[in-house]
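To start, the structure itself, in structure tokens.
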Amino acid sequence: MAGRAETRLWQRLLRNPRVVVGGLVCLFMVVLALGAPWIAPADPQAQDLIASFESPALLSTPADADPDAPRHWLGTDNLGRDVASRMIYGTRIALLVAVVAATLTALVGSLLGALAGFYGGKVDAVISRLVDVWMSFPPVLLAIVLVSVIGTGLWSVIAAIVIVDWTRFCRVVRAETQAQKALDYVTSARMLGLSPLRILASEIFPNVAPLLITLVTLEMGVAIVVEAILSFVGLSLASGTSTWGGMIGEGRLYVNQAPWLMVLPMLAMMTAVLGLNALGDGLRRELDPVVR
Amino acid sequence: MSDMKGAHGAVPVAAPVLQIDNLHVEVRQAGRVTPILRGVTLSVSAGRIHALVGESGGGKSMVAKAATGLLPESAVTTRGRIVLDSQDVTSWNERRWRTLRGRTVSMVLQDPLTALNPVRRIGAQMADVLYLHQGLRGAAVDAENLRLLEQVQMRDPAQVLRQYPHQLSGGMRQRVVIAMAWACRPRLIICDEPTTALDVTVQKQVLRLIHKLVGEGQGVLMVTHDLGVVAKLCHSMSVIHGGRILESGSVQDVFAQPQHAYTRALLAATPRFDRPGHTLVPVDDGLIEQLDAEARAYDRCQAVLA
Amino acid sequence: MTRPMNPIAPSPLLQVRGLGLSLPDIARKRFFSAAPLKRILRDVHFTLESGATLGVIGESGSGKSTLARALTMLMPPQDGELLFQGRNVRSFGAADMVAYRTQVQLVFQDPMSALNPRRRVRDIVSQPLRVLGQLARDDRDGAHAAAQLLERVGLASQLGGRYPHELSGGQRQRVGIARALALRPLALIADEVTSGLDVSAQARIVALLEQMQRDNGLALVFISHDLSLVRSLCDQVLILREGVVVEHGDAANIFANPRHAYTRELLDSIPLPEPDPGWLERQTVA
């Protein structure tokens with residue numbers, strides 16, 4: 001019986017256009033990220049000043065091009081680095097940040113939000129005041145200050161995102177937990193003598209989960225964008241590493257001569273965020289029995 | 001429809017306020033076609049209250065929606081017609097319906113709390129209705145508001161106009177909704193379970209009010225599942241199940257001699273205060289299956305005829 | 001761990017004396033002080049014998065739902081006595097309270113919120129057994145127990161695989177009752193379980209409750225605003241108005257000879273399914 005329900009789930013997922021399109025985009029990104037060393041046509045750090053500012057080979061090939069020289073399908077940047085390879089390696093950073101930051105943010109925020117929403121009283125008062133104060137700091141400023149203090153690097157970026165964004169999860173999960181707690185099925189569970197943690201986990205969580213799926217995928221999109229902002233400002237990873245944000249920042253300087261340097265990573269970011277959102281929305285629709 | 005029964009042409013009968021003839025409505029969604037109204041015929045005469053009785057899913061809400069042009073996008077009228085105040089509104093679009101709603105036909109819904117906007121004062125909401133349909137403004141609106149609330153026997157109407165919906169009791173809110181429904185003296189007022197959510201003492205007051213308010217040229221379509229309300233308030237009735245009208249006639253006749261098994265079943269399932277020993281008999285599953293089978297057979301006939 | 005059939009419970013089952021309950025009235029709260037208390041229930045008395053049926057009639061604001069929660073100690077009363085089989089419920093410790101709540105079960109009014117919308121019906125119904133470890137050894141997931149309970153309330157066991165929103169209102173209410181019966185309680189408190197249901201679904205629920213009473217000796221507190229239903233189901237009746245008991249006693253007696261004006265007003269307002277054009281204007285002399 002469970003087996004039949006399982007296959008039906010897979011079939012349903014495959015039939016939902018959001019899941020398919022979003023899933024393919026994410027799968028593509030994962031493949032690029034994991035297989036970067038083999039897929040990338042060149043070393044992203046390799047500079048070739050002679051071949052700098054080559055326009056993307058996809059669009060045009062200069063008639064006098066040397067057939068033996070390596071083809072740069074997406075062109076090269078100001079230092080002659082292959083854009084395609086840089087973007088592929090950039091996918092790694094983007095995905096890593098997206099997944100890790102979003103998961104940690106969700107964990108911290110949801111946990112505190114659930115506790116505040118379920119216990120109410122003093123617990124809620126303390127957590128809510130904490131959230132209020134925390135949210136009064138301008139987020140980007142907070143992230144920048146943080147990174148300046150901790151120092152740059154991948155984990156600083158992730159920490160910055162978590163530290164700024166956990167409040168969003170906390171507020172939303174708290175509200176939803178409060179709403180669910182007021183319903184009679186939770187009262188029934190309490191009357192059976194179930195402990196609060198068990199009620200949160202087995203009764204309330206399934207009803208908050210659809211909301212969480214959406215929030216987590218949204219957060220992944222936010223994480224990618226925040227990382228890009230921090231790279232843009234030069235506060236992300238070391239400038240040698242390829243990140244989409246870094247590429248946008250550098251490309252900004254040459255937007256008149258070589259617009260592709262800025263446009264391509266922006267397109268990559270947009271596709272990634274859209275794909276994640278589509279996947280999240282589709283998953284929520286398929287997994288939530290009530291919506292079905 | 002059988003209000004005319006026994007008239008024998010002796011009394012000239014005015015055109016009914018609402019006349020629904022052989023209405024067929026189906027819902028087309030995701031490639032599937034589901035008939036929801038199967039040849040519904042009923043009429044509401046001026047000065048009369050007509051009940052539409054049935055259980056959930058029987059189609060009574062759909063009839064109410066059809067009579068106000070509020071059928072969902074996916075619902076399509078395939079046959080039959082609706083005549084409201086002598087106008088054939090069967091295939092009217094939204095724009096034309098808007099000219100009728102409020103002015104010619106209005107609704108009183110079940111839950112007064114959701115029917116009223118919780119963040120606006122009563123006076124403001126009523127003023128909207130008056131401005132929209134009668135173009136009243138300023139002092140004229142205030143005067144009319146007071147008059148309308150007095151008409152529904154509201155104590156201290158001036159105070160109520162300044163209040164918000166949540167400050168009023170359920171019965172008072174329902175009176176406000178009734179006042180708004182009657183504001184423009186429409187020809188047809190559709191009441192969809194107006195007293196189900198109210199206490200029984202308040203229910204009697206509201207029913208008395210509705211009875212009193214039915215004016216000369218007005219008709220009321222009372223959609224309900226409560227046979228007690230039908231018996232005490234309404235003049236004529238139609239019983240609906242599975243989108244088909246199974247029985248109709250004057251309330252006196254139907255209660256005295258119910259012709260259809262389903263009507264008898266509904267009466268047998270209704271608790272009777274005056275017969276405490278009477279066992280409530282739920283409607284027999286076999287009867288429901290038989291009615292469903294009849295509905296399917298009807299659909300097949302329709303498909304052949306079409 | 002199987003429990004034996006209910007031993008004959010010592011009567012009376014529940015005794016309520018002078019029960020009073022107040023709740024903070026948030027609407028009247030001032031800035032720095034605690035909200036003043038508003039009396040919801042005042043001086044409620046009644047006795048419920050085992051196997052008896054007590055109807056609690058009241059309109060909105062009468063406190064009847066609060067009474068249901070007070071009886072199960074969800075909202076502990078501030079005043080008065082609540083005795084269960086002679087023992088003082090208000091002084092129960094945690095373990096006694098769990099045991100008390102398995103024996104006096106509450107069925108809620110709104111089945112949409114009373115059933116976890118994201119759990120299948122069979123899991124909802126077998127949950128009490130699972131939580132209290134009362135499932136048979138060969139019935140780990142409670143499917144068998146659930147099927148039996150569903151059949152007892154007249155639902156096909158296949159419905160166990162569905163979610164609450166896939167059932168009708170009457171079916172959902174019966175699932176709530178099935179869950180309440182899982183732990184073989186001695187008494188059931190039904191809080192407006194028939195409101196909002198069609199006459200046919202109502203009739204089924206009433207028939208089910210009567211059957212439970214006959215077959216299992218279940219005591220029943222039936223809270224409703226529908227006097228006709230109460231009359232057909234209950235031998236004793238309690239009429240509440242604004243938290244105060246207005247009449248209490250044998251149902252037949254009270255309905256035949258109402259003492260209080262409020263009772264007469266209630267009786268006057270019941271629309272019988274008998275055509276009677278003069279009823280609307282008529283009022284019995286108070």
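Ligands are numbered from 1 in the order shown, chains are lettered A, B, ... in the order of the structure tokens, and residues start at 1 in each chain.
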Where does stretch 64-129 of chain C meet stretch 240-263 of chain C within 10 Å, residue by residue, with the nearest atom pair and distance in Å to one decimal for each, counting only C-alpha atoms, listed by chain and rising number, as a Markdown table?
| residue | atom | partner | partner_atom | distance |
| --- | --- | --- | --- | --- |
| C:Lys64 | CA | C:Leu240 | CA | 7.0 |
| C:Thr66 | CA | C:Gly243 | CA | 9.1 |
| C:Leu67 | CA | C:Gly243 | CA | 8.8 |
Using only C-alpha atoms, which residues sit within 10 Å of B:Leu198 once same-chain residues fewer than 2 positions away are excluded, as a PyMOL selection string? (chain B and resi 110-112+169-171+174+194-196+200-204+206) or (chain C and resi 59-60+225)
Could those residues be written to a file, using C-alpha atoms, as a CSV table (one decimal), in the first residue's frame?
chain,number,residue,atom,x,y,z
B,110,GLN,CA,-25.4,33.0,6.5
B,111,ASP,CA,-22.5,34.4,8.4
B,112,PRO,CA,-23.0,38.1,9.2
B,169,SER,CA,-24.2,40.7,18.6
B,170,GLY,CA,-24.9,38.1,15.9
B,171,GLY,CA,-28.5,39.0,15.8
B,174,GLN,CA,-27.8,40.0,10.8
B,194,PRO,CA,-29.8,33.5,7.3
B,195,THR,CA,-30.6,32.2,10.7
B,196,THR,CA,-28.5,29.0,10.9
B,200,VAL,CA,-33.0,30.2,18.5
B,201,THR,CA,-34.6,33.2,20.3
B,202,VAL,CA,-32.8,35.6,17.9
B,203,GLN,CA,-33.8,33.4,15.0
B,204,LYS,CA,-37.5,33.9,15.7
B,206,VAL,CA,-35.1,37.7,12.5
C,59,GLU,CA,-27.4,30.3,23.7
C,60,SER,CA,-24.2,32.2,22.8
C,225,HIS,CA,-28.5,25.0,21.4
When you look at B:Pro35 with a cut-off of 7 Å (counting only C-alpha atoms), what residues show up, excluding the ones that are within fewer than 4 positions of it in the same chain? I need them as a VMD selection string. chain B and resid 25 to 27
Would you give me, as JSON, numbers by chain, the residues in stretch 80-288 of chain A that DSSP reads as helix (DSSP H, G or I)? {"A": [83, 84, 85, 86, 87, 88, 89, 90, 91, 92, 93, 94, 95, 96, 97, 98, 99, 100, 101, 102, 103, 104, 105, 106, 107, 108, 109, 110, 111, 112, 113, 114, 115, 116, 117, 118, 119, 121, 122, 123, 124, 125, 126, 127, 128, 129, 130, 131, 132, 133, 134, 135, 139, 140, 141, 142, 143, 144, 145, 146, 147, 148, 149, 150, 154, 155, 156, 157, 158, 159, 160, 161, 162, 163, 164, 165, 166, 167, 168, 169, 170, 171, 172, 173, 174, 175, 176, 177, 178, 179, 180, 181, 184, 185, 186, 187, 188, 189, 190, 191, 196, 197, 198, 199, 200, 201, 202, 203, 204, 205, 206, 207, 208, 209, 210, 211, 212, 213, 214, 215, 216, 217, 218, 219, 220, 221, 222, 223, 224, 225, 226, 227, 228, 229, 230, 231, 232, 244, 245, 246, 247, 248, 249, 250, 251, 252, 253, 260, 261, 262, 263, 264, 265, 266, 267, 268, 269, 270, 271, 272, 273, 274, 275, 276, 277, 278, 279, 280, 281, 282, 283, 284, 285, 286, 287]}
Can you list, as number ranges by chain, every protein, DNA or RNA residue that comes within 9 Å of B:Asn117 when you count only C-alpha atoms, leaving out same-chain residues fewer than 5 positions away? B: 122, 125, 164-165
Could you go through stretch 50-249 of chain B and tell me which residues DSSP, when run on the backbone, assigns to strand (DSSP E or B), listing them as a PyMOL selection string? chain B and resi 50-53+75-84+87-88+101+105-108+188-192+219-224+236-241+244-249
Could you tell me which residues of chain A sit within 9 Å of chain C when counting only C-alpha atoms, and give me the result as an MDAnalysis selection string? chainID A and resid 180 182:189 191:194 203:204 206:207 288:290
